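Just model-v2.txt here, compact mmCIF, C-alpha atoms and all ligand atoms:
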```
# COMPACT_ATOMS: atom_id res chain seq x y z
CA MET A 4 0.00 0.00 0.00
CA ILE A 5 1.14 3.53 -0.74
CA ALA A 6 -1.60 5.21 1.21
CA ASP A 7 0.34 8.41 1.84
CA LYS A 8 0.79 9.04 -1.89
CA PRO A 9 -1.57 11.82 -3.03
CA LEU A 10 -4.64 10.56 -4.81
CA LYS A 11 -4.60 11.20 -8.55
CA LEU A 12 -7.99 12.06 -10.00
CA MET A 13 -8.87 10.19 -13.18
CA ILE A 14 -12.63 10.51 -12.74
CA PRO A 15 -15.15 12.37 -14.88
CA GLY A 16 -14.95 15.39 -12.61
CA PRO A 17 -13.80 17.01 -10.56
CA VAL A 18 -10.51 16.90 -12.41
CA GLU A 19 -6.90 17.65 -11.55
CA VAL A 20 -6.36 21.37 -12.09
CA GLU A 21 -3.13 22.52 -13.75
CA GLU A 22 -0.70 23.71 -11.10
CA ASP A 23 -0.38 27.34 -12.17
CA VAL A 24 -4.14 27.60 -12.66
CA LEU A 25 -4.79 26.16 -9.21
CA ALA A 26 -2.29 28.62 -7.72
CA VAL A 27 -4.71 31.43 -8.58
CA MET A 28 -7.04 30.11 -5.85
CA ALA A 29 -4.39 31.03 -3.26
CA ASN A 30 -4.39 34.75 -4.11
CA PRO A 31 -6.05 37.17 -1.67
CA VAL A 32 -9.83 37.10 -1.98
CA MET A 33 -11.22 39.92 -4.12
CA PRO A 34 -14.47 41.77 -3.42
CA HIS A 35 -17.35 40.74 -5.62
CA TYR A 36 -18.11 44.27 -6.84
CA GLY A 37 -16.40 47.35 -8.14
CA VAL A 38 -15.09 48.55 -11.49
CA ALA A 39 -11.77 46.66 -11.39
CA TRP A 40 -13.39 43.40 -10.36
CA THR A 41 -16.21 43.69 -12.89
CA LYS A 42 -13.68 44.08 -15.69
CA LEU A 43 -12.10 40.73 -14.71
CA PHE A 44 -15.52 39.11 -14.41
CA ASN A 45 -16.64 40.38 -17.81
CA GLU A 46 -13.43 39.12 -19.39
CA THR A 47 -14.28 35.69 -18.04
CA ILE A 48 -17.73 35.91 -19.62
CA GLU A 49 -16.18 36.80 -22.98
CA LEU A 50 -13.83 33.81 -22.75
CA LEU A 51 -16.80 31.58 -21.98
CA LYS A 52 -18.65 32.89 -25.04
CA SER A 53 -15.72 31.78 -27.20
CA VAL A 54 -15.77 28.30 -25.68
CA PHE A 55 -19.56 28.00 -26.02
CA ASN A 56 -19.24 29.34 -29.58
CA THR A 57 -22.04 31.80 -29.00
CA GLU A 58 -22.83 35.44 -29.49
CA GLY A 59 -25.78 35.07 -27.15
CA ASP A 60 -25.72 35.91 -23.45
CA VAL A 61 -23.62 33.98 -20.96
CA PHE A 62 -24.07 33.94 -17.19
CA LEU A 63 -21.81 32.51 -14.54
CA MET A 64 -23.79 31.33 -11.55
CA VAL A 65 -22.46 30.11 -8.23
CA GLY A 66 -23.55 26.51 -7.93
CA SER A 67 -22.84 23.13 -9.48
CA GLY A 68 -23.85 22.19 -13.01
CA THR A 69 -27.25 21.07 -11.79
CA ALA A 70 -28.05 24.60 -10.65
CA GLY A 71 -27.44 25.84 -14.18
CA ILE A 72 -29.60 23.11 -15.69
CA ASP A 73 -32.31 23.82 -13.15
CA ALA A 74 -32.19 27.51 -14.10
CA CYS A 75 -32.44 26.75 -17.83
CA ILE A 76 -35.47 24.47 -17.52
CA GLY A 77 -37.31 26.32 -14.77
CA SER A 78 -36.86 29.77 -16.30
CA SER A 79 -37.93 28.97 -19.84
CA VAL A 80 -40.81 26.49 -19.69
CA ARG A 81 -44.04 27.30 -17.89
CA ARG A 82 -45.71 25.02 -15.38
CA GLY A 83 -48.01 22.59 -17.24
CA GLU A 84 -46.24 23.02 -20.58
CA LYS A 85 -44.82 20.03 -22.40
CA ILE A 86 -41.13 19.17 -22.60
CA LEU A 87 -39.52 16.21 -24.40
CA VAL A 88 -36.55 14.83 -22.50
CA GLY A 89 -33.95 12.42 -23.87
CA VAL A 90 -33.29 9.71 -21.30
CA ASN A 91 -30.45 7.29 -22.07
CA GLY A 92 -28.52 7.47 -18.85
CA TYR A 93 -28.40 8.75 -15.31
CA PHE A 94 -28.15 12.43 -16.18
CA GLY A 95 -30.90 12.29 -18.80
CA ASP A 96 -33.10 10.85 -16.09
CA ARG A 97 -32.05 13.74 -13.85
CA LEU A 98 -33.18 16.23 -16.51
CA ALA A 99 -36.62 14.64 -16.49
CA ILE A 100 -36.77 14.78 -12.69
CA ILE A 101 -35.85 18.47 -12.70
CA ALA A 102 -38.55 19.21 -15.28
CA GLU A 103 -41.10 17.29 -13.20
CA GLY A 104 -40.04 19.36 -10.22
CA TYR A 105 -41.16 22.48 -12.07
CA GLY A 106 -44.57 20.93 -12.77
CA LEU A 107 -43.87 20.48 -16.49
CA GLN A 108 -45.56 17.82 -18.55
CA VAL A 109 -42.61 15.52 -19.24
CA VAL A 110 -42.46 13.12 -22.18
CA ARG A 111 -39.46 10.86 -21.74
CA LEU A 112 -37.72 9.76 -24.93
CA GLU A 113 -36.23 6.60 -23.44
CA ARG A 114 -33.35 4.78 -25.04
CA GLU A 115 -31.32 1.88 -23.71
CA TRP A 116 -28.48 3.17 -21.52
CA GLY A 117 -25.23 3.15 -23.46
CA THR A 118 -26.77 3.96 -26.84
CA PRO A 119 -27.23 7.46 -28.28
CA ILE A 120 -30.69 8.90 -28.84
CA PRO A 121 -31.22 8.89 -32.62
CA ALA A 122 -32.30 12.12 -34.31
CA ALA A 123 -35.19 10.15 -35.87
CA THR A 124 -36.60 9.45 -32.40
CA VAL A 125 -36.70 13.15 -31.61
CA LYS A 126 -38.15 13.97 -35.03
CA GLN A 127 -40.95 11.43 -34.53
CA ALA A 128 -41.63 12.70 -31.00
CA LEU A 129 -41.84 16.30 -32.21
CA HIS A 130 -44.33 15.14 -34.84
CA GLU A 131 -46.43 13.33 -32.20
CA HIS A 132 -46.21 16.24 -29.76
CA PRO A 133 -46.57 19.44 -31.81
CA ASP A 134 -47.40 21.25 -28.56
CA ALA A 135 -43.95 20.53 -27.06
CA LYS A 136 -42.39 23.79 -25.89
CA ALA A 137 -38.89 22.42 -25.42
CA VAL A 138 -36.56 19.49 -25.92
CA ALA A 139 -33.93 18.81 -23.27
CA MET A 140 -30.97 16.49 -23.69
CA VAL A 141 -27.60 15.65 -22.25
CA HIS A 142 -24.73 16.18 -24.67
CA LEU A 143 -22.15 13.81 -23.18
CA GLU A 144 -24.01 11.31 -20.98
CA THR A 145 -21.27 10.80 -18.41
CA SER A 146 -22.86 7.74 -16.83
CA THR A 147 -22.30 5.64 -19.95
CA ALA A 148 -19.82 7.75 -21.97
CA ILE A 149 -22.20 8.27 -24.86
CA VAL A 150 -22.50 11.44 -26.93
CA ASN A 151 -25.97 12.32 -28.17
CA PRO A 152 -26.04 13.73 -31.73
CA ILE A 153 -27.26 17.17 -30.73
CA GLU A 154 -25.77 18.85 -33.79
CA VAL A 155 -28.31 16.94 -35.93
CA ILE A 156 -31.16 17.22 -33.45
CA GLY A 157 -30.85 21.01 -32.96
CA PRO A 158 -32.11 21.95 -36.43
CA LEU A 159 -35.08 19.56 -36.03
CA VAL A 160 -36.04 21.23 -32.76
CA LYS A 161 -35.73 24.68 -34.36
CA GLU A 162 -37.90 23.59 -37.28
CA ALA A 163 -40.58 22.53 -34.81
CA GLY A 164 -40.37 25.92 -33.08
CA ALA A 165 -39.35 24.45 -29.70
CA LEU A 166 -36.53 25.47 -27.37
CA PHE A 167 -33.43 23.28 -27.32
CA ILE A 168 -31.98 22.88 -23.82
CA ILE A 169 -28.63 21.14 -23.38
CA ASP A 170 -26.76 19.74 -20.40
CA SER A 171 -23.13 20.25 -21.44
CA VAL A 172 -21.74 19.65 -17.95
CA SER A 173 -19.15 17.14 -19.09
CA SER A 174 -18.74 18.18 -22.72
CA LEU A 175 -17.96 21.92 -22.80
CA GLY A 176 -14.25 22.34 -23.56
CA GLY A 177 -13.72 18.61 -24.11
CA ILE A 178 -15.67 17.72 -27.24
CA PRO A 179 -16.93 19.94 -30.09
CA LEU A 180 -19.91 22.08 -29.06
CA LYS A 181 -21.28 24.97 -31.12
CA VAL A 182 -24.17 26.61 -29.33
CA ASP A 183 -25.27 29.05 -32.05
CA ALA A 184 -24.55 26.88 -35.09
CA TRP A 185 -26.40 23.89 -33.59
CA GLY A 186 -29.49 25.86 -32.56
CA ILE A 187 -29.04 25.48 -28.81
CA ASP A 188 -31.16 27.95 -26.84
CA LEU A 189 -30.06 27.18 -23.32
CA CYS A 190 -26.86 25.38 -22.41
CA ALA A 191 -25.54 24.72 -18.91
CA SER A 192 -22.11 23.44 -17.96
CA ALA A 193 -19.84 23.23 -14.92
CA THR A 194 -16.28 24.28 -14.16
CA GLN A 195 -14.95 21.07 -12.63
CA LYS A 196 -14.79 18.95 -15.76
CA CYS A 197 -13.39 19.77 -19.20
CA LEU A 198 -12.98 23.44 -18.29
CA GLY A 199 -10.20 22.34 -15.95
CA ALA A 200 -11.11 24.45 -12.91
CA PRO A 201 -12.30 23.61 -9.38
CA PRO A 202 -16.00 22.87 -8.74
CA GLY A 203 -18.32 25.72 -7.78
CA LEU A 204 -19.54 27.60 -10.84
CA THR A 205 -22.01 26.88 -13.61
CA PRO A 206 -21.76 28.78 -16.92
CA VAL A 207 -25.07 29.14 -18.77
CA SER A 208 -25.70 30.39 -22.31
CA VAL A 209 -29.01 31.90 -23.39
CA SER A 210 -30.19 32.63 -26.95
CA SER A 211 -32.45 35.49 -27.98
CA THR A 212 -35.25 32.98 -28.67
CA ALA A 213 -34.85 31.65 -25.15
CA TRP A 214 -35.23 35.18 -23.77
CA GLU A 215 -38.65 35.51 -25.39
CA ALA A 216 -39.82 32.40 -23.52
CA ILE A 217 -38.09 33.37 -20.27
CA LEU A 218 -39.53 36.88 -20.19
CA ALA A 219 -43.00 35.51 -20.93
CA ASN A 220 -42.83 32.87 -18.17
CA ASP A 221 -45.19 34.17 -15.52
CA THR A 222 -45.53 30.98 -13.47
CA PRO A 223 -43.76 31.16 -10.07
CA HIS A 224 -40.37 29.45 -10.07
CA GLY A 225 -38.29 30.90 -7.26
CA TRP A 226 -35.75 33.71 -7.54
CA TYR A 227 -32.07 32.67 -7.46
CA LEU A 228 -32.36 30.26 -10.38
CA ASP A 229 -34.59 32.52 -12.46
CA LEU A 230 -32.56 33.71 -15.45
CA LYS A 231 -34.83 36.74 -15.72
CA VAL A 232 -33.36 37.94 -12.42
CA TRP A 233 -29.79 37.38 -13.65
CA ARG A 234 -30.53 39.33 -16.82
CA GLN A 235 -31.93 42.25 -14.89
CA TYR A 236 -28.87 42.52 -12.65
CA ALA A 237 -26.52 42.17 -15.62
CA ILE A 238 -28.25 45.19 -17.13
CA ASP A 239 -28.86 47.31 -14.05
CA TRP A 240 -25.50 46.71 -12.35
CA ALA A 241 -23.43 46.17 -15.49
CA ASP A 242 -20.31 48.08 -14.41
CA TRP A 243 -20.33 47.24 -10.72
CA GLU A 244 -21.78 43.83 -9.82
CA PRO A 245 -23.52 42.21 -12.80
CA TYR A 246 -25.27 39.40 -10.88
CA PRO A 247 -27.80 39.20 -8.07
CA THR A 248 -25.70 37.71 -5.24
CA THR A 249 -22.09 37.43 -4.06
CA THR A 250 -20.09 35.55 -6.65
CA ALA A 251 -17.26 33.13 -5.83
CA THR A 252 -14.48 35.54 -6.83
CA SER A 253 -11.52 33.16 -6.35
CA ASN A 254 -13.28 30.52 -8.44
CA VAL A 255 -14.03 33.05 -11.16
CA LEU A 256 -10.37 34.10 -11.37
CA THR A 257 -9.23 30.48 -11.47
CA LEU A 258 -11.73 29.73 -14.22
CA ARG A 259 -10.49 32.79 -16.10
CA ALA A 260 -6.94 31.41 -15.95
CA SER A 261 -8.00 27.97 -17.16
CA LEU A 262 -10.10 29.43 -20.00
CA LYS A 263 -7.15 31.56 -21.12
CA ARG A 264 -5.00 28.44 -21.22
CA LEU A 265 -7.64 26.63 -23.24
CA LEU A 266 -7.97 29.40 -25.81
CA GLU A 267 -4.21 29.92 -26.01
CA GLU A 268 -3.73 26.24 -26.74
CA GLY A 269 -6.64 26.48 -29.19
CA LEU A 270 -9.92 24.63 -28.83
CA GLU A 271 -9.26 22.38 -31.76
CA VAL A 272 -5.70 21.54 -30.70
CA ARG A 273 -6.96 20.74 -27.19
CA LEU A 274 -9.74 18.51 -28.49
CA ASN A 275 -7.33 16.64 -30.77
CA ARG A 276 -4.91 16.16 -27.88
CA TYR A 277 -7.71 14.57 -25.83
CA ARG A 278 -8.61 12.35 -28.75
CA ASP A 279 -5.05 11.06 -29.06
CA LEU A 280 -4.95 10.29 -25.34
CA ALA A 281 -8.26 8.41 -25.61
CA LEU A 282 -6.91 6.31 -28.47
CA GLN A 283 -3.73 5.55 -26.53
CA LEU A 284 -5.83 4.45 -23.55
CA ARG A 285 -8.15 2.30 -25.64
CA GLN A 286 -5.25 0.53 -27.33
CA GLY A 287 -3.58 -0.14 -23.99
CA LEU A 288 -6.80 -1.40 -22.42
CA ARG A 289 -7.22 -4.01 -25.13
CA GLU A 290 -3.63 -5.11 -24.61
CA ILE A 291 -4.19 -5.74 -20.89
CA GLY A 292 -7.47 -7.60 -21.43
CA MET A 293 -9.82 -4.93 -20.10
CA PRO A 294 -11.37 -3.66 -23.33
CA PRO A 295 -13.32 -0.43 -23.67
CA TYR A 296 -17.07 -0.93 -23.20
CA THR A 297 -17.91 1.15 -26.29
CA PRO A 298 -16.42 0.67 -29.79
CA ASP A 299 -13.80 3.09 -31.09
CA GLU A 300 -16.39 4.60 -33.49
CA ASP A 301 -18.20 5.86 -30.35
CA LEU A 302 -14.98 7.05 -28.71
CA VAL A 303 -15.43 9.93 -26.32
CA PRO A 304 -12.16 11.90 -26.15
CA VAL A 305 -12.49 12.69 -22.45
CA LEU A 306 -14.01 9.60 -20.87
CA THR A 307 -13.56 5.87 -21.39
CA PRO A 308 -15.89 3.19 -20.03
CA VAL A 309 -14.05 -0.08 -19.43
CA CYS A 310 -15.29 -3.67 -19.06
CA ALA A 311 -14.28 -5.13 -15.71
CA PRO A 312 -12.49 -8.50 -15.92
CA GLU A 313 -14.80 -11.52 -16.22
CA GLY A 314 -16.35 -12.43 -12.85
CA VAL A 315 -14.95 -9.38 -11.04
CA PRO A 316 -17.33 -6.62 -9.89
CA ALA A 317 -16.12 -3.32 -11.33
CA GLY A 318 -16.10 -1.82 -7.84
CA GLU A 319 -13.23 -4.14 -6.89
CA VAL A 320 -11.02 -2.63 -9.57
CA VAL A 321 -12.04 0.88 -8.55
CA GLU A 322 -11.18 0.15 -4.94
CA TYR A 323 -7.87 -1.48 -5.81
CA MET A 324 -6.87 1.52 -7.90
CA GLU A 325 -7.62 3.89 -5.05
CA GLN A 326 -6.28 1.85 -2.12
CA VAL A 327 -3.18 0.41 -3.72
CA GLN A 328 -2.35 2.58 -6.72
CA ARG A 329 -3.74 5.90 -5.42
CA ILE A 330 -5.48 6.58 -8.72
CA LYS A 331 -9.14 7.45 -8.44
CA ILE A 332 -11.27 6.10 -11.26
CA ALA A 333 -15.05 5.96 -11.26
CA PRO A 334 -17.51 3.09 -10.97
CA GLY A 335 -20.28 2.55 -13.51
CA LEU A 336 -23.47 4.47 -12.79
CA GLY A 337 -26.92 2.91 -12.62
CA GLU A 338 -28.08 -0.59 -11.81
CA ALA A 339 -27.41 -2.10 -15.21
CA LEU A 340 -23.79 -1.05 -15.45
CA GLN A 341 -22.41 -0.46 -11.98
CA ASP A 342 -20.95 -3.96 -11.64
CA LYS A 343 -19.95 -4.37 -15.26
CA ILE A 344 -17.95 -1.28 -16.09
CA PHE A 345 -15.73 1.31 -14.54
CA ARG A 346 -14.93 4.69 -16.06
CA ILE A 347 -11.66 6.49 -16.57
CA GLY A 348 -11.90 10.26 -16.87
CA HIS A 349 -9.25 12.04 -18.91
CA MET A 350 -11.01 15.37 -19.19
CA SER A 351 -8.34 17.53 -17.57
CA PRO A 352 -5.89 19.61 -19.58
CA ALA A 353 -3.31 18.38 -17.08
CA VAL A 354 -3.58 14.75 -18.28
CA THR A 355 -0.51 13.59 -20.21
CA SER A 356 0.46 10.52 -22.16
CA GLU A 357 2.52 9.43 -19.11
CA ASP A 358 -0.61 9.60 -16.95
CA ILE A 359 -2.35 7.26 -19.38
CA GLU A 360 0.60 4.89 -19.20
CA ASP A 361 0.50 5.02 -15.39
CA VAL A 362 -3.19 4.12 -15.35
CA LEU A 363 -2.61 1.23 -17.73
CA ARG A 364 0.34 -0.06 -15.71
CA ALA A 365 -1.70 0.14 -12.52
CA LEU A 366 -4.70 -1.63 -14.06
CA ALA A 367 -2.48 -4.34 -15.51
CA SER A 368 -1.24 -5.18 -12.02
CA PHE A 369 -4.76 -5.80 -10.69
CA THR A 370 -5.50 -9.32 -9.52
CA PRO A 371 -8.85 -10.41 -8.00
CA SER A 372 -6.92 -11.57 -4.90
CA TRP A 373 -5.35 -8.14 -4.22
CA ARG A 374 -6.85 -8.00 -0.72
CA ASP A 375 -5.13 -11.19 0.42
C1 LIG B 1 -23.76 15.07 -17.81
C2 LIG B 1 -23.85 15.58 -16.41
N1 LIG B 1 -24.90 16.33 -16.06
C3 LIG B 1 -25.03 16.82 -14.82
C4 LIG B 1 -24.11 16.55 -13.85
C5 LIG B 1 -24.27 17.12 -12.48
O1 LIG B 1 -23.33 18.13 -12.34
P1 LIG B 1 -23.02 18.77 -10.92
O2 LIG B 1 -22.60 17.68 -10.04
O3 LIG B 1 -21.96 19.79 -11.23
O4 LIG B 1 -24.29 19.40 -10.46
C6 LIG B 1 -23.00 15.75 -14.15
C7 LIG B 1 -22.03 15.42 -13.12
O5 LIG B 1 -21.24 14.52 -13.23
C8 LIG B 1 -22.88 15.26 -15.47
O6 LIG B 1 -21.83 14.52 -15.80
```

Go through the file and emit its structure as structure tokens.
Ligand SMILES: Cc1ncc(COP(=O)(O)O)c(C=O)c1O
Amino acid sequence: MIADKPLKLMIPGPVEVEEDVLAVMANPVMPHYGVAWTKLFNETIELLKSVFNTEGDVFLMVGSGTAGIDACIGSSVRRGEKILVGVNGYFGDRLAIIAEGYGLQVVRLEREWGTPIPAATVKQALHEHPDAKAVAMVHLETSTAIVNPIEVIGPLVKEAGALFIIDSVSSLGGIPLKVDAWGIDLCASATQKCLGAPPGLTPVSVSSTAWEAILANDTPHGWYLDLKVWRQYAIDWADWEPYPTTTATSNVLTLRASLKRLLEEGLEVRLNRYRDLALQLRQGLREIGMPPYTPDEDLVPVLTPVCAPEGVPAGEVVEYMEQVQRIKIAPGLGEALQDKIFRIGHMSPAVTSEDIEDVLRALASFTPSWRD
């Protein structure tokens, strides 16, 4: 056992933060208002717009990704209105639960976990439910490492005149995502995954079409997570404190540093780097007899689901990696997969080819009798 060795995070968030980015957290805390501060905050918003690929509005709320998703759904769809929700994993199910929580009429577009939701399914559902006000989907379904084809679905949703709401918690900054070009009206992410920053903030993008729905939503839905409130403060307090409550200033500055790094490296270069690492991992996994759970055609550059060895519950491998190797990987999520697969997250800009080799070496040394 090497229990005093620091634990290396290879989970799908939170991720290891690059050292010089993390160092920003240790600077003296800044006030959350004032001209100088607001300039730094607004720069961060502009950087986020580049990563979202949007010219729409972007907000940065204090909260985890779920808070952002909650805000998108609750602000834009009125109680009693219909929403179609793609459910092919744990987080798709969560979207449906959030929508139910707002009293929306939820139509679940169910698909077997581990398979993407086909555009044809959404097209058919929109045809059957012409009164649907919105379609909500997860981009990268982290529970099964599946990417839903939202770039094809977006135009279908637009054609039907519905809002397109996307959970990009584990995709923004890690796989291609073009908010404006793909017709996404509301998109919520989180800082602790592919954006390479600590947990605590949720960036949200809002299109002009979404604003029409949000401003017309007169059903009660709280205050903090109402995007209408955030818009008002961004306008009224633009140069001083463009949000309704105290923001997490140290987190914002750290995010700003990580976004600068991302854009300096170049989005495309970063995404290709992740892809190469994923291929290296997949090749190595096959060589050690723990093949990837999904085929290479469905490769996700930032997350790899892996089949546990025959007869061994996946949790045993996860525990071995943490206890003995001090590498934290993630179990499968959901009843169907939790014993069969484990997941390796490589969604941090800090991950290198050597890290992938270390994980492979550590996995290769697993034996079912490691506790003996
Ligand atoms: C796709 C997806 N959606 C939502 C969430 C929830 O995000 P948070 O824990 O930041 O609220 C996660 C977290 O892993 C996720 O992967």

Q. Quick one: residues within 8 Å of ligand LIG 1 (chain B), with all atoms listed in the file, as number ranges by chain?
A. A: 15-16, 66-70, 72, 94-95, 97, 141-146, 170-174, 192-195, 202-203, 205

Q | Interatomic distance, CA of Ser356 (chain A) to CA of Leu258 (chain A) (Å, one decimal) | A | 24.1 Å

Q: Show which residues sit within 12 Å of Glu162 (chain A), as an MDAnalysis selection string. Count all atoms listed in the file, and ignore same-chain residues fewer than 4 positions away.
A: chainID A and resid 125:126 129:130 133 137 155:158 166:167 186

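When only C-alpha atoms are used to compute distances to Thr257 (chain A), the closest of the residues A:Gly89, A:Pro179, A:Pro201, A:Pro223 turns out to be A:Pro201.
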
Q: May I have the residues within 7 Å of region 297-314 of chain A as a VMD selection string, using only C-alpha atoms and disregarding those fewer than 4 positions away in the same chain?
A: chain A and resid 15 147 to 148 177 to 178 277 to 278 281 293 343 to 350

**Q.** Cut-off 8 Å around (-27.8, 36.0, -26.8) with only C-alpha atoms: residues as an NGL selection string
**A.** :A and (57-61 or 208-211)

Q | Coordinates-based distance that separates CA of Arg285 (chain A) from CA of Ala333 (chain A) (Å, one decimal) | A | 16.4 Å

Q: To one decimal in Å, tell me the separation between CA of Ile330 (chain A) and CA of Pro9 (chain A).
A: 8.7 Å

Counting only C-alpha atoms, which residues in region 227-246 of chain A sit no more than 10 Å from region 76-87 of chain A? For each one, give the nearest pair of atoms and the distance in Å, sorted by chain then residue number, as CSV.
```
residue,atom,partner,partner_atom,distance
A:Leu228,CA,A:Ser78,CA,7.5
A:Asp229,CA,A:Ser78,CA,5.2
A:Leu230,CA,A:Ser78,CA,5.9
A:Lys231,CA,A:Ser78,CA,7.3
A:Val232,CA,A:Ser78,CA,9.7
```

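Shortest separation to Trp214 (chain A) among A:Cys75, A:Ala260, A:Glu268, A:Ala29 occurs at residue A:Cys75, atoms counted being all atoms listed in the file.
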
Q) Given the choices A:Ala139, A:Ala317, A:Glu19, A:Ile187, which gets closest to Leu98 (chain A) if the distance is worked out from all atoms listed in the file? A) A:Ala139

Q | From A:Gln283, A:Pro121, A:Val24, A:Glu271, residue lying nearest Glu360 (chain A) [all atoms listed in the file] | A |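 The answer is A:Gln283, which sits nearest to Glu360 (chain A).
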
Q | Using all atoms listed in the file: which of A:Arg276, A:Asn45, A:Val20, A:Lys136 has the shortest distance to Asn220 (chain A) | A |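 Closest to Asn220 (chain A) of all the choices is A:Lys136.
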
Q.
Report as a list in words all protein, DNA and RNA residues lying within 7 Å of region 238-251 of chain A, evaluated on all atoms listed in the file, omitting residues in the same chain fewer than 5 positions from it.
A.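 Once the nearby chain positions are removed, what remains is His35, Tyr36, Gly37, Val38, Thr41, Val65 and Trp233 of chain A.
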
Q) So, counting only C-alpha atoms, which residue among A:Pro119, A:Ile291, A:Glu21, A:Thr222 is closest to Leu107 (chain A)? A)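 Smallest separation from Leu107 (chain A) among the options: A:Thr222.
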
At the level of N, CA, C and O atoms, write region 214-227 of chain A to a file as a PDB file, in the first residue's frame, please.
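The result, written out as selection-v3.pdb:
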```pdb
ATOM      1  N   TRP A 214     -34.790  34.021 -24.561  1.00  0.00           N
ATOM      2  CA  TRP A 214     -35.229  35.182 -23.769  1.00  0.00           C
ATOM      3  C   TRP A 214     -36.723  35.450 -23.939  1.00  0.00           C
ATOM      4  O   TRP A 214     -37.407  35.821 -22.991  1.00  0.00           O
ATOM      5  N   GLU A 215     -37.212  35.271 -25.169  1.00  0.00           N
ATOM      6  CA  GLU A 215     -38.654  35.514 -25.391  1.00  0.00           C
ATOM      7  C   GLU A 215     -39.473  34.628 -24.464  1.00  0.00           C
ATOM      8  O   GLU A 215     -40.433  35.066 -23.841  1.00  0.00           O
ATOM      9  N   ALA A 216     -39.081  33.341 -24.375  1.00  0.00           N
ATOM     10  CA  ALA A 216     -39.817  32.402 -23.515  1.00  0.00           C
ATOM     11  C   ALA A 216     -39.618  32.741 -22.037  1.00  0.00           C
ATOM     12  O   ALA A 216     -40.565  32.703 -21.239  1.00  0.00           O
ATOM     13  N   ILE A 217     -38.400  33.098 -21.685  1.00  0.00           N
ATOM     14  CA  ILE A 217     -38.091  33.370 -20.273  1.00  0.00           C
ATOM     15  C   ILE A 217     -38.861  34.607 -19.784  1.00  0.00           C
ATOM     16  O   ILE A 217     -39.473  34.594 -18.706  1.00  0.00           O
ATOM     17  N   LEU A 218     -38.862  35.642 -20.614  1.00  0.00           N
ATOM     18  CA  LEU A 218     -39.528  36.876 -20.189  1.00  0.00           C
ATOM     19  C   LEU A 218     -41.042  36.701 -20.148  1.00  0.00           C
ATOM     20  O   LEU A 218     -41.746  37.416 -19.429  1.00  0.00           O
ATOM     21  N   ALA A 219     -41.552  35.729 -20.913  1.00  0.00           N
ATOM     22  CA  ALA A 219     -43.002  35.505 -20.932  1.00  0.00           C
ATOM     23  C   ALA A 219     -43.446  34.504 -19.854  1.00  0.00           C
ATOM     24  O   ALA A 219     -44.639  34.275 -19.664  1.00  0.00           O
ATOM     25  N   ASN A 220     -42.469  33.905 -19.162  1.00  0.00           N
ATOM     26  CA  ASN A 220     -42.826  32.871 -18.166  1.00  0.00           C
ATOM     27  C   ASN A 220     -43.314  33.528 -16.874  1.00  0.00           C
ATOM     28  O   ASN A 220     -42.516  34.034 -16.082  1.00  0.00           O
ATOM     29  N   ASP A 221     -44.630  33.495 -16.698  1.00  0.00           N
ATOM     30  CA  ASP A 221     -45.192  34.169 -15.525  1.00  0.00           C
ATOM     31  C   ASP A 221     -45.590  33.186 -14.424  1.00  0.00           C
ATOM     32  O   ASP A 221     -46.234  33.559 -13.455  1.00  0.00           O
ATOM     33  N   THR A 222     -45.208  31.898 -14.572  1.00  0.00           N
ATOM     34  CA  THR A 222     -45.526  30.977 -13.469  1.00  0.00           C
ATOM     35  C   THR A 222     -44.429  31.089 -12.403  1.00  0.00           C
ATOM     36  O   THR A 222     -43.254  31.277 -12.737  1.00  0.00           O
ATOM     37  N   PRO A 223     -44.776  30.971 -11.122  1.00  0.00           N
ATOM     38  CA  PRO A 223     -43.764  31.162 -10.073  1.00  0.00           C
ATOM     39  C   PRO A 223     -42.693  30.064 -10.132  1.00  0.00           C
ATOM     40  O   PRO A 223     -43.021  28.894 -10.301  1.00  0.00           O
ATOM     41  N   HIS A 224     -41.436  30.463 -10.068  1.00  0.00           N
ATOM     42  CA  HIS A 224     -40.367  29.449 -10.066  1.00  0.00           C
ATOM     43  C   HIS A 224     -39.157  29.967  -9.304  1.00  0.00           C
ATOM     44  O   HIS A 224     -38.026  29.879  -9.770  1.00  0.00           O
ATOM     45  N   GLY A 225     -39.391  30.503  -8.123  1.00  0.00           N
ATOM     46  CA  GLY A 225     -38.286  30.904  -7.262  1.00  0.00           C
ATOM     47  C   GLY A 225     -37.622  32.189  -7.730  1.00  0.00           C
ATOM     48  O   GLY A 225     -38.160  32.931  -8.559  1.00  0.00           O
ATOM     49  N   TRP A 226     -36.422  32.449  -7.240  1.00  0.00           N
ATOM     50  CA  TRP A 226     -35.748  33.710  -7.542  1.00  0.00           C
ATOM     51  C   TRP A 226     -34.303  33.490  -7.992  1.00  0.00           C
ATOM     52  O   TRP A 226     -33.901  33.889  -9.064  1.00  0.00           O
ATOM     53  N   TYR A 227     -33.507  32.775  -7.158  1.00  0.00           N
ATOM     54  CA  TYR A 227     -32.070  32.666  -7.456  1.00  0.00           C
ATOM     55  C   TYR A 227     -31.813  32.008  -8.802  1.00  0.00           C
ATOM     56  O   TYR A 227     -30.920  32.391  -9.541  1.00  0.00           O
TER      57      TYR A 227
END
```
